[in-house]
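Below: one structure, written as structure tokens.
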Amino acid sequence: MGYDNRPIGFFDSGLGGLSTLREARKILPRESFIYYADNLNSPYGNMEDERIIALSRERISYLLQKGIKALVIACNTVTAAAINQIREMANIPVIGMEPAIAPALKATKTNKVLLLATKATLRNKGYCSRYGDVEVACCVCLGLAPFIERNYDDDERIVEYIRLLAQPYSNLNFDCIVLGCTHYVLKKKMFEECFPGAAIIDGNEGTALHLLNVLASGGMLSDGKKRPFIKLIMTDGSREKYDLYRRILKNAP
Ligand code: DGL
């Protein structure tokens, strides 16, 4: 059984993927990580696929030069638009991020699920559909990811924004909400406030477990002899942004 002490790369358009990284750290405490956010160009969610592919390929080729052993695309939008093109350029395992529909299908009692995601995520995949008896409705959350990025500490305004977006779906009788964007997961409590009684489901734990399986089965886990580190790289690395990202990484909400 081999070991591999190289870091794991994480990529997102902004701070959302930190929610995935936090989950991965819990499951893989001996691993080191390099988190790369293209926050200068974010949000990606409203862009055409060609632009998402071009930007993410460019950013990821830089990340690959850092000597990572695996790559997590901690962004539903980039996964939906560009995962094949990214896999073509990387000769390491690439783990994508998809909305956690499967657990919602199991959990729903009313047979109605509401999926919240960006325009590009929903355009690319046929998520809004019937799955047996269950209907999955999709809500394009225009502008929500950048709103969270810009107003991270203003929970009141974030709640208002979510309420506004979900208003047209209010009489659908759904009891499960799938957070199909990693930015939203950081504000899970706000969704709980907006949808009292509904189960709020995200794919972060599933993605982290998948990462663990890929590393374990490939003999690529760290041997734990070196002190693990987390490096943040941002295309807009102002002091203010950097501090916010570090703070999110440290604490829970
Ligand atoms: N975190 C990205 C996702 O999971 C954000 C989308 C954006 O940049 O608009 O979809």
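If you're wondering about the labels, chains in the structure tokens are A, B, ... by order shown, residues count from 1 in each chain, ligands from 1 in order shown.
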Within 6 Å of ligand 1: each chain A residue with its shortest pair, only C-alpha atoms and all ligand atoms, as JSON lines:
{"residue": "A:Asp12", "atom": "CA", "partner": "ligand 1", "partner_atom_place_in_ligand_line": "1 (N)", "distance": 5.8}
{"residue": "A:Ser13", "atom": "CA", "partner": "ligand 1", "partner_atom_place_in_ligand_line": "8 (O)", "distance": 4.8}
{"residue": "A:Gly16", "atom": "CA", "partner": "ligand 1", "partner_atom_place_in_ligand_line": "1 (N)", "distance": 4.4}
{"residue": "A:Gly17", "atom": "CA", "partner": "ligand 1", "partner_atom_place_in_ligand_line": "1 (N)", "distance": 5.8}
{"residue": "A:Ser42", "atom": "CA", "partner": "ligand 1", "partner_atom_place_in_ligand_line": "8 (O)", "distance": 5.0}
{"residue": "A:Pro43", "atom": "CA", "partner": "ligand 1", "partner_atom_place_in_ligand_line": "8 (O)", "distance": 3.4}
{"residue": "A:Tyr44", "atom": "CA", "partner": "ligand 1", "partner_atom_place_in_ligand_line": "8 (O)", "distance": 3.8}
{"residue": "A:Gly45", "atom": "CA", "partner": "ligand 1", "partner_atom_place_in_ligand_line": "9 (O)", "distance": 3.3}
{"residue": "A:Cys75", "atom": "CA", "partner": "ligand 1", "partner_atom_place_in_ligand_line": "4 (O)", "distance": 3.5}
{"residue": "A:Asn76", "atom": "CA", "partner": "ligand 1", "partner_atom_place_in_ligand_line": "4 (O)", "distance": 3.9}
{"residue": "A:Thr77", "atom": "CA", "partner": "ligand 1", "partner_atom_place_in_ligand_line": "10 (O)", "distance": 3.9}
{"residue": "A:Thr118", "atom": "CA", "partner": "ligand 1", "partner_atom_place_in_ligand_line": "10 (O)", "distance": 5.9}
{"residue": "A:Ala145", "atom": "CA", "partner": "ligand 1", "partner_atom_place_in_ligand_line": "9 (O)", "distance": 5.4}
{"residue": "A:Cys181", "atom": "CA", "partner": "ligand 1", "partner_atom_place_in_ligand_line": "4 (O)", "distance": 3.3}
{"residue": "A:Thr182", "atom": "CA", "partner": "ligand 1", "partner_atom_place_in_ligand_line": "4 (O)", "distance": 4.0}
{"residue": "A:His183", "atom": "CA", "partner": "ligand 1", "partner_atom_place_in_ligand_line": "1 (N)", "distance": 4.7}
Using N, CA and C atoms, can you write the selected residues to a file as a PDB file, in the first residue's frame?
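As written to disk, out15.pdb reads:
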ATOM      1  N   ASP A  12     -12.806  26.575  -7.055  1.00  0.00           N
ATOM      2  CA  ASP A  12     -14.159  27.147  -7.155  1.00  0.00           C
ATOM      3  C   ASP A  12     -14.025  28.555  -7.729  1.00  0.00           C
ATOM      4  N   SER A  13     -15.158  29.100  -8.172  1.00  0.00           N
ATOM      5  CA  SER A  13     -15.128  30.489  -8.650  1.00  0.00           C
ATOM      6  C   SER A  13     -14.894  31.459  -7.489  1.00  0.00           C
ATOM      7  N   GLY A  16     -17.412  29.579  -2.129  1.00  0.00           N
ATOM      8  CA  GLY A  16     -18.325  28.469  -1.872  1.00  0.00           C
ATOM      9  C   GLY A  16     -17.625  27.142  -1.602  1.00  0.00           C
ATOM     10  N   GLY A  17     -16.597  26.864  -2.356  1.00  0.00           N
ATOM     11  CA  GLY A  17     -15.889  25.584  -2.217  1.00  0.00           C
ATOM     12  C   GLY A  17     -15.217  25.415  -0.864  1.00  0.00           C
ATOM     13  N   SER A  42     -15.471  35.679 -10.660  1.00  0.00           N
ATOM     14  CA  SER A  42     -16.738  35.110 -10.216  1.00  0.00           C
ATOM     15  C   SER A  42     -17.822  36.204 -10.241  1.00  0.00           C
ATOM     16  N   PRO A  43     -19.078  35.874 -10.437  1.00  0.00           N
ATOM     17  CA  PRO A  43     -19.630  34.522 -10.506  1.00  0.00           C
ATOM     18  C   PRO A  43     -19.510  33.898 -11.893  1.00  0.00           C
ATOM     19  N   TYR A  44     -19.418  32.579 -11.912  1.00  0.00           N
ATOM     20  CA  TYR A  44     -19.394  31.840 -13.169  1.00  0.00           C
ATOM     21  C   TYR A  44     -20.812  31.454 -13.609  1.00  0.00           C
ATOM     22  N   GLY A  45     -21.738  31.465 -12.651  1.00  0.00           N
ATOM     23  CA  GLY A  45     -23.071  30.879 -12.868  1.00  0.00           C
ATOM     24  C   GLY A  45     -23.885  31.461 -14.001  1.00  0.00           C
ATOM     25  N   CYS A  75     -17.378  23.074  -7.133  1.00  0.00           N
ATOM     26  CA  CYS A  75     -18.285  24.026  -7.773  1.00  0.00           C
ATOM     27  C   CYS A  75     -19.206  23.251  -8.707  1.00  0.00           C
ATOM     28  N   ASN A  76     -20.483  23.314  -8.435  1.00  0.00           N
ATOM     29  CA  ASN A  76     -21.458  22.627  -9.288  1.00  0.00           C
ATOM     30  C   ASN A  76     -21.462  23.215 -10.698  1.00  0.00           C
ATOM     31  N   THR A  77     -21.265  24.521 -10.786  1.00  0.00           N
ATOM     32  CA  THR A  77     -21.318  25.208 -12.077  1.00  0.00           C
ATOM     33  C   THR A  77     -20.193  24.735 -12.997  1.00  0.00           C
ATOM     34  N   THR A 118     -27.285  27.470  -9.865  1.00  0.00           N
ATOM     35  CA  THR A 118     -27.063  28.581 -10.804  1.00  0.00           C
ATOM     36  C   THR A 118     -27.659  28.236 -12.177  1.00  0.00           C
ATOM     37  N   ALA A 145     -25.179  33.578  -5.500  1.00  0.00           N
ATOM     38  CA  ALA A 145     -23.778  33.272  -5.118  1.00  0.00           C
ATOM     39  C   ALA A 145     -22.953  34.564  -4.954  1.00  0.00           C
ATOM     40  N   CYS A 181     -25.310  24.482  -5.076  1.00  0.00           N
ATOM     41  CA  CYS A 181     -24.215  25.436  -5.294  1.00  0.00           C
ATOM     42  C   CYS A 181     -23.468  25.519  -3.980  1.00  0.00           C
ATOM     43  N   THR A 182     -22.152  25.396  -4.039  1.00  0.00           N
ATOM     44  CA  THR A 182     -21.389  25.319  -2.791  1.00  0.00           C
ATOM     45  C   THR A 182     -21.441  26.625  -1.993  1.00  0.00           C
ATOM     46  N   HIS A 183     -21.680  27.740  -2.673  1.00  0.00           N
ATOM     47  CA  HIS A 183     -21.835  29.001  -1.936  1.00  0.00           C
ATOM     48  C   HIS A 183     -23.012  28.922  -0.954  1.00  0.00           C
TER      49      HIS A 183
END
Quick one: everything within 8 Å of Asp38 (chain A), counting only C-alpha atoms, minus sequence neighbours fewer than 5 positions away in the same chain. Send it as a count of residues only.
-> 7
What lies within 7 Å of Phe229 (chain A) using only C-alpha atoms, ignoring chain neighbours under 2 positions off, as a ChimeraX atom specification?
-> /A:32-33,227,231
Could you tell me, as a VMD selection string, which residues of region 55-222 of chain A DSSP assigns to strand (DSSP E or B) when given the backbone?
-> chain A and resid 70 to 73 94 to 95 112 to 117 130 to 131 134 to 140 176 to 179 199 to 201
Residues flagged helix (DSSP H, G or I) by DSSP in region 4-201 of chain A, as a PyMOL selection string = chain A and resi 17-27+49-64+76-89+101-107+119-124+144-150+155-169+182-185+188-194
Counting only C-alpha atoms, what is within 7 Å of region 167-173 of chain A, bar same-chain residues fewer than 4 positions away, as a list of chain:residue names?
->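 These residues fall inside the cut-off: A:Thr110, A:Lys112, A:Arg163.
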Selection above as a file: C-alpha atoms, as an mmCIF file, in the first residue's frame:
data_model
loop_
_atom_site.group_PDB
_atom_site.id
_atom_site.type_symbol
_atom_site.label_atom_id
_atom_site.label_comp_id
_atom_site.auth_asym_id
_atom_site.auth_seq_id
_atom_site.Cartn_x
_atom_site.Cartn_y
_atom_site.Cartn_z
ATOM 1 C CA THR A 110 -44.392 14.797 -0.074
ATOM 2 C CA LYS A 112 -41.640 17.178 -4.090
ATOM 3 C CA ARG A 163 -37.180 34.447 0.131
#
Tell me which protein, DNA and RNA residues are within 7 Å of region 50-55 of chain A, counting only C-alpha atoms, leaving out same-chain ones fewer than 6 positions away, and put them as a PyMOL selection string.
-> chain A and resi 44+78+81-82
Rank nothing, just name the residue among A:Glu58, A:Asp175, A:Asp154, A:Glu160 nearest to Ala137 (chain A), using only C-alpha atoms.
->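 For Ala137 (chain A), the nearest of the candidates is A:Asp175.
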For Lys106 (chain A), please output as a list in words all residues within 12 Å (counting only C-alpha atoms; exclusion window: fewer than 2 positions along the same chain).
-> Ala100, Ile101, Ala102, Pro103, Ala104, Thr108, Lys109, Thr110, Asn111, Lys112, Val113, Tyr131, Gly132, Asp133, Val134, Asp175, Cys176, Ala199 and Ile201 of chain A
Quick one: residues within 12 Å of Lys187 (chain A), only C-alpha atoms counted, chain neighbours fewer than 2 positions away excluded, as a ChimeraX atom specification?
-> /A:15-16,18-19,144-145,147-149,151-159,162,179,181-185,189-194,200,202,248,252-253
Taking N, CA, C and O atoms for each residue, export the selection above as a short mmCIF file (atom, residue, chain, number, x, y, z; two decimals), in the first residue's frame.
data_model
loop_
_atom_site.label_atom_id
_atom_site.label_comp_id
_atom_site.auth_asym_id
_atom_site.auth_seq_id
_atom_site.Cartn_x
_atom_site.Cartn_y
_atom_site.Cartn_z
N LEU A 15 -15.76 31.71 -2.84
CA LEU A 15 -15.63 31.15 -1.49
C LEU A 15 -16.49 29.91 -1.21
O LEU A 15 -16.32 29.25 -0.19
N GLY A 16 -17.41 29.58 -2.13
CA GLY A 16 -18.32 28.47 -1.87
C GLY A 16 -17.63 27.14 -1.60
O GLY A 16 -18.01 26.39 -0.70
N LEU A 18 -15.12 26.51 -0.10
CA LEU A 18 -14.57 26.38 1.27
C LEU A 18 -15.48 25.50 2.11
O LEU A 18 -15.03 24.82 3.03
N SER A 19 -16.78 25.48 1.77
CA SER A 19 -17.71 24.61 2.51
C SER A 19 -17.37 23.14 2.25
O SER A 19 -17.47 22.30 3.14
N LEU A 144 -27.48 34.91 -6.53
CA LEU A 144 -27.36 34.58 -5.10
C LEU A 144 -25.91 34.30 -4.68
O LEU A 144 -25.48 34.75 -3.61
N ALA A 145 -25.18 33.58 -5.50
CA ALA A 145 -23.78 33.27 -5.12
C ALA A 145 -22.95 34.56 -4.95
O ALA A 145 -22.31 34.75 -3.91
N PHE A 147 -24.08 37.48 -4.32
CA PHE A 147 -24.67 38.22 -3.20
C PHE A 147 -24.06 37.71 -1.89
O PHE A 147 -23.69 38.50 -1.02
N ILE A 148 -23.95 36.39 -1.76
CA ILE A 148 -23.36 35.80 -0.55
C ILE A 148 -21.88 36.20 -0.46
O ILE A 148 -21.37 36.56 0.59
N GLU A 149 -21.22 36.17 -1.59
CA GLU A 149 -19.78 36.52 -1.64
C GLU A 149 -19.57 37.97 -1.17
O GLU A 149 -18.65 38.26 -0.41
N ASN A 151 -21.88 39.94 0.56
CA ASN A 151 -22.56 40.33 1.81
C ASN A 151 -22.46 39.22 2.83
O ASN A 151 -23.45 38.87 3.47
N TYR A 152 -21.31 38.63 2.94
CA TYR A 152 -21.16 37.40 3.70
C TYR A 152 -21.71 37.50 5.13
O TYR A 152 -22.31 36.56 5.64
N ASP A 153 -21.50 38.64 5.76
CA ASP A 153 -21.90 38.75 7.17
C ASP A 153 -23.30 39.33 7.36
O ASP A 153 -23.74 39.51 8.49
N ASP A 154 -23.98 39.63 6.26
CA ASP A 154 -25.31 40.25 6.39
C ASP A 154 -26.39 39.18 6.20
O ASP A 154 -27.07 39.11 5.16
N ASP A 155 -26.58 38.36 7.23
CA ASP A 155 -27.51 37.23 7.12
C ASP A 155 -28.94 37.69 6.85
O ASP A 155 -29.70 37.02 6.14
N GLU A 156 -29.30 38.83 7.40
CA GLU A 156 -30.66 39.32 7.22
C GLU A 156 -30.98 39.57 5.73
O GLU A 156 -32.01 39.16 5.21
N ARG A 157 -30.04 40.19 5.06
CA ARG A 157 -30.25 40.48 3.63
C ARG A 157 -30.19 39.20 2.79
O ARG A 157 -30.88 39.07 1.79
N ILE A 158 -29.37 38.26 3.25
CA ILE A 158 -29.29 36.98 2.51
C ILE A 158 -30.63 36.24 2.62
O ILE A 158 -31.15 35.73 1.63
N VAL A 159 -31.21 36.25 3.81
CA VAL A 159 -32.53 35.62 4.00
C VAL A 159 -33.56 36.29 3.09
O VAL A 159 -34.34 35.61 2.40
N ILE A 162 -33.08 35.12 -0.49
CA ILE A 162 -33.53 33.73 -0.71
C ILE A 162 -35.05 33.69 -0.78
O ILE A 162 -35.63 33.04 -1.65
N LEU A 179 -29.31 22.05 -2.00
CA LEU A 179 -28.45 23.21 -2.26
C LEU A 179 -27.45 22.81 -3.34
O LEU A 179 -26.45 22.14 -3.07
N CYS A 181 -25.31 24.48 -5.08
CA CYS A 181 -24.22 25.44 -5.29
C CYS A 181 -23.47 25.52 -3.98
O CYS A 181 -24.08 25.68 -2.92
N THR A 182 -22.15 25.40 -4.04
CA THR A 182 -21.39 25.32 -2.79
C THR A 182 -21.44 26.63 -1.99
O THR A 182 -21.29 26.60 -0.77
N HIS A 183 -21.68 27.74 -2.67
CA HIS A 183 -21.83 29.00 -1.94
C HIS A 183 -23.01 28.92 -0.95
O HIS A 183 -22.94 29.43 0.16
N TYR A 184 -24.10 28.31 -1.39
CA TYR A 184 -25.31 28.29 -0.58
C TYR A 184 -25.08 27.49 0.72
O TYR A 184 -25.68 27.79 1.75
N VAL A 185 -24.23 26.48 0.63
CA VAL A 185 -24.03 25.58 1.78
C VAL A 185 -23.44 26.35 2.97
O VAL A 185 -23.76 26.06 4.13
N LYS A 189 -27.95 27.73 7.36
CA LYS A 189 -28.87 28.20 8.42
C LYS A 189 -29.90 29.17 7.87
O LYS A 189 -31.04 29.20 8.31
N MET A 190 -29.48 29.99 6.91
CA MET A 190 -30.41 30.96 6.32
C MET A 190 -31.51 30.25 5.53
O MET A 190 -32.66 30.67 5.51
N PHE A 191 -31.12 29.14 4.88
CA PHE A 191 -32.13 28.36 4.14
C PHE A 191 -33.09 27.69 5.12
O PHE A 191 -34.28 27.60 4.86
N GLU A 192 -32.55 27.24 6.26
CA GLU A 192 -33.42 26.62 7.28
C GLU A 192 -34.44 27.64 7.77
O GLU A 192 -35.59 27.31 8.02
N GLU A 193 -33.99 28.88 7.87
CA GLU A 193 -34.89 29.93 8.33
C GLU A 193 -35.98 30.22 7.29
O GLU A 193 -37.13 30.44 7.62
N CYS A 194 -35.60 30.17 6.03
CA CYS A 194 -36.55 30.47 4.95
C CYS A 194 -37.52 29.33 4.69
O CYS A 194 -38.61 29.55 4.19
N ILE A 200 -32.79 20.37 4.50
CA ILE A 200 -31.87 21.10 3.60
C ILE A 200 -30.68 20.17 3.33
O ILE A 200 -29.92 19.84 4.25
N ASP A 202 -27.20 18.89 1.13
CA ASP A 202 -26.10 19.30 0.25
C ASP A 202 -25.16 18.12 0.00
O ASP A 202 -25.25 17.10 0.67
N ILE A 248 -13.63 31.95 7.21
CA ILE A 248 -14.62 30.92 6.87
C ILE A 248 -14.01 29.53 7.05
O ILE A 248 -14.66 28.61 7.54
N ALA A 252 -17.26 27.57 11.85
CA ALA A 252 -18.33 26.80 11.22
C ALA A 252 -19.35 27.59 10.39
O ALA A 252 -19.56 27.24 9.25
N PRO A 253 -20.00 28.68 10.88
CA PRO A 253 -21.20 29.12 10.18
C PRO A 253 -20.96 29.66 8.77
O PRO A 253 -19.90 30.08 8.46
#
Could you give me, as a Markdown table, a per-residue list for region 64-114 of chain A showing, wherever an atom lies at most 12 Å from an atom of region 20-31 of chain A, the closest pair of atoms and their distance in Å to one decimal, using only C-alpha atoms and sorting by chain then residue number from low to high?
| residue | atom | partner | partner_atom | distance |
| --- | --- | --- | --- | --- |
| A:Ile68 | CA | A:Glu31 | CA | 11.3 |
| A:Lys69 | CA | A:Glu31 | CA | 10.8 |
| A:Ala70 | CA | A:Glu31 | CA | 11.3 |
| A:Leu71 | CA | A:Leu21 | CA | 11.5 |
| A:Val72 | CA | A:Thr20 | CA | 9.0 |
| A:Ile73 | CA | A:Thr20 | CA | 9.6 |
| A:Ala74 | CA | A:Thr20 | CA | 6.3 |
| A:Cys75 | CA | A:Thr20 | CA | 9.0 |
| A:Asn76 | CA | A:Thr20 | CA | 11.2 |
| A:Ile95 | CA | A:Thr20 | CA | 11.7 |
| A:Gly96 | CA | A:Thr20 | CA | 11.2 |
| A:Met97 | CA | A:Thr20 | CA | 9.3 |
| A:Glu98 | CA | A:Thr20 | CA | 12.0 |
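Each of A:Cys138, A:Ile60, A:Leu215, A:Leu209 was compared to Arg123 (chain A) using only C-alpha atoms, and A:Cys138 turns out to be the nearest.
Shortest separation to Asn204 (chain A) among A:Leu63, A:Val178, A:Ile8, A:Asn39 occurs at residue A:Val178, atoms counted being only C-alpha atoms.
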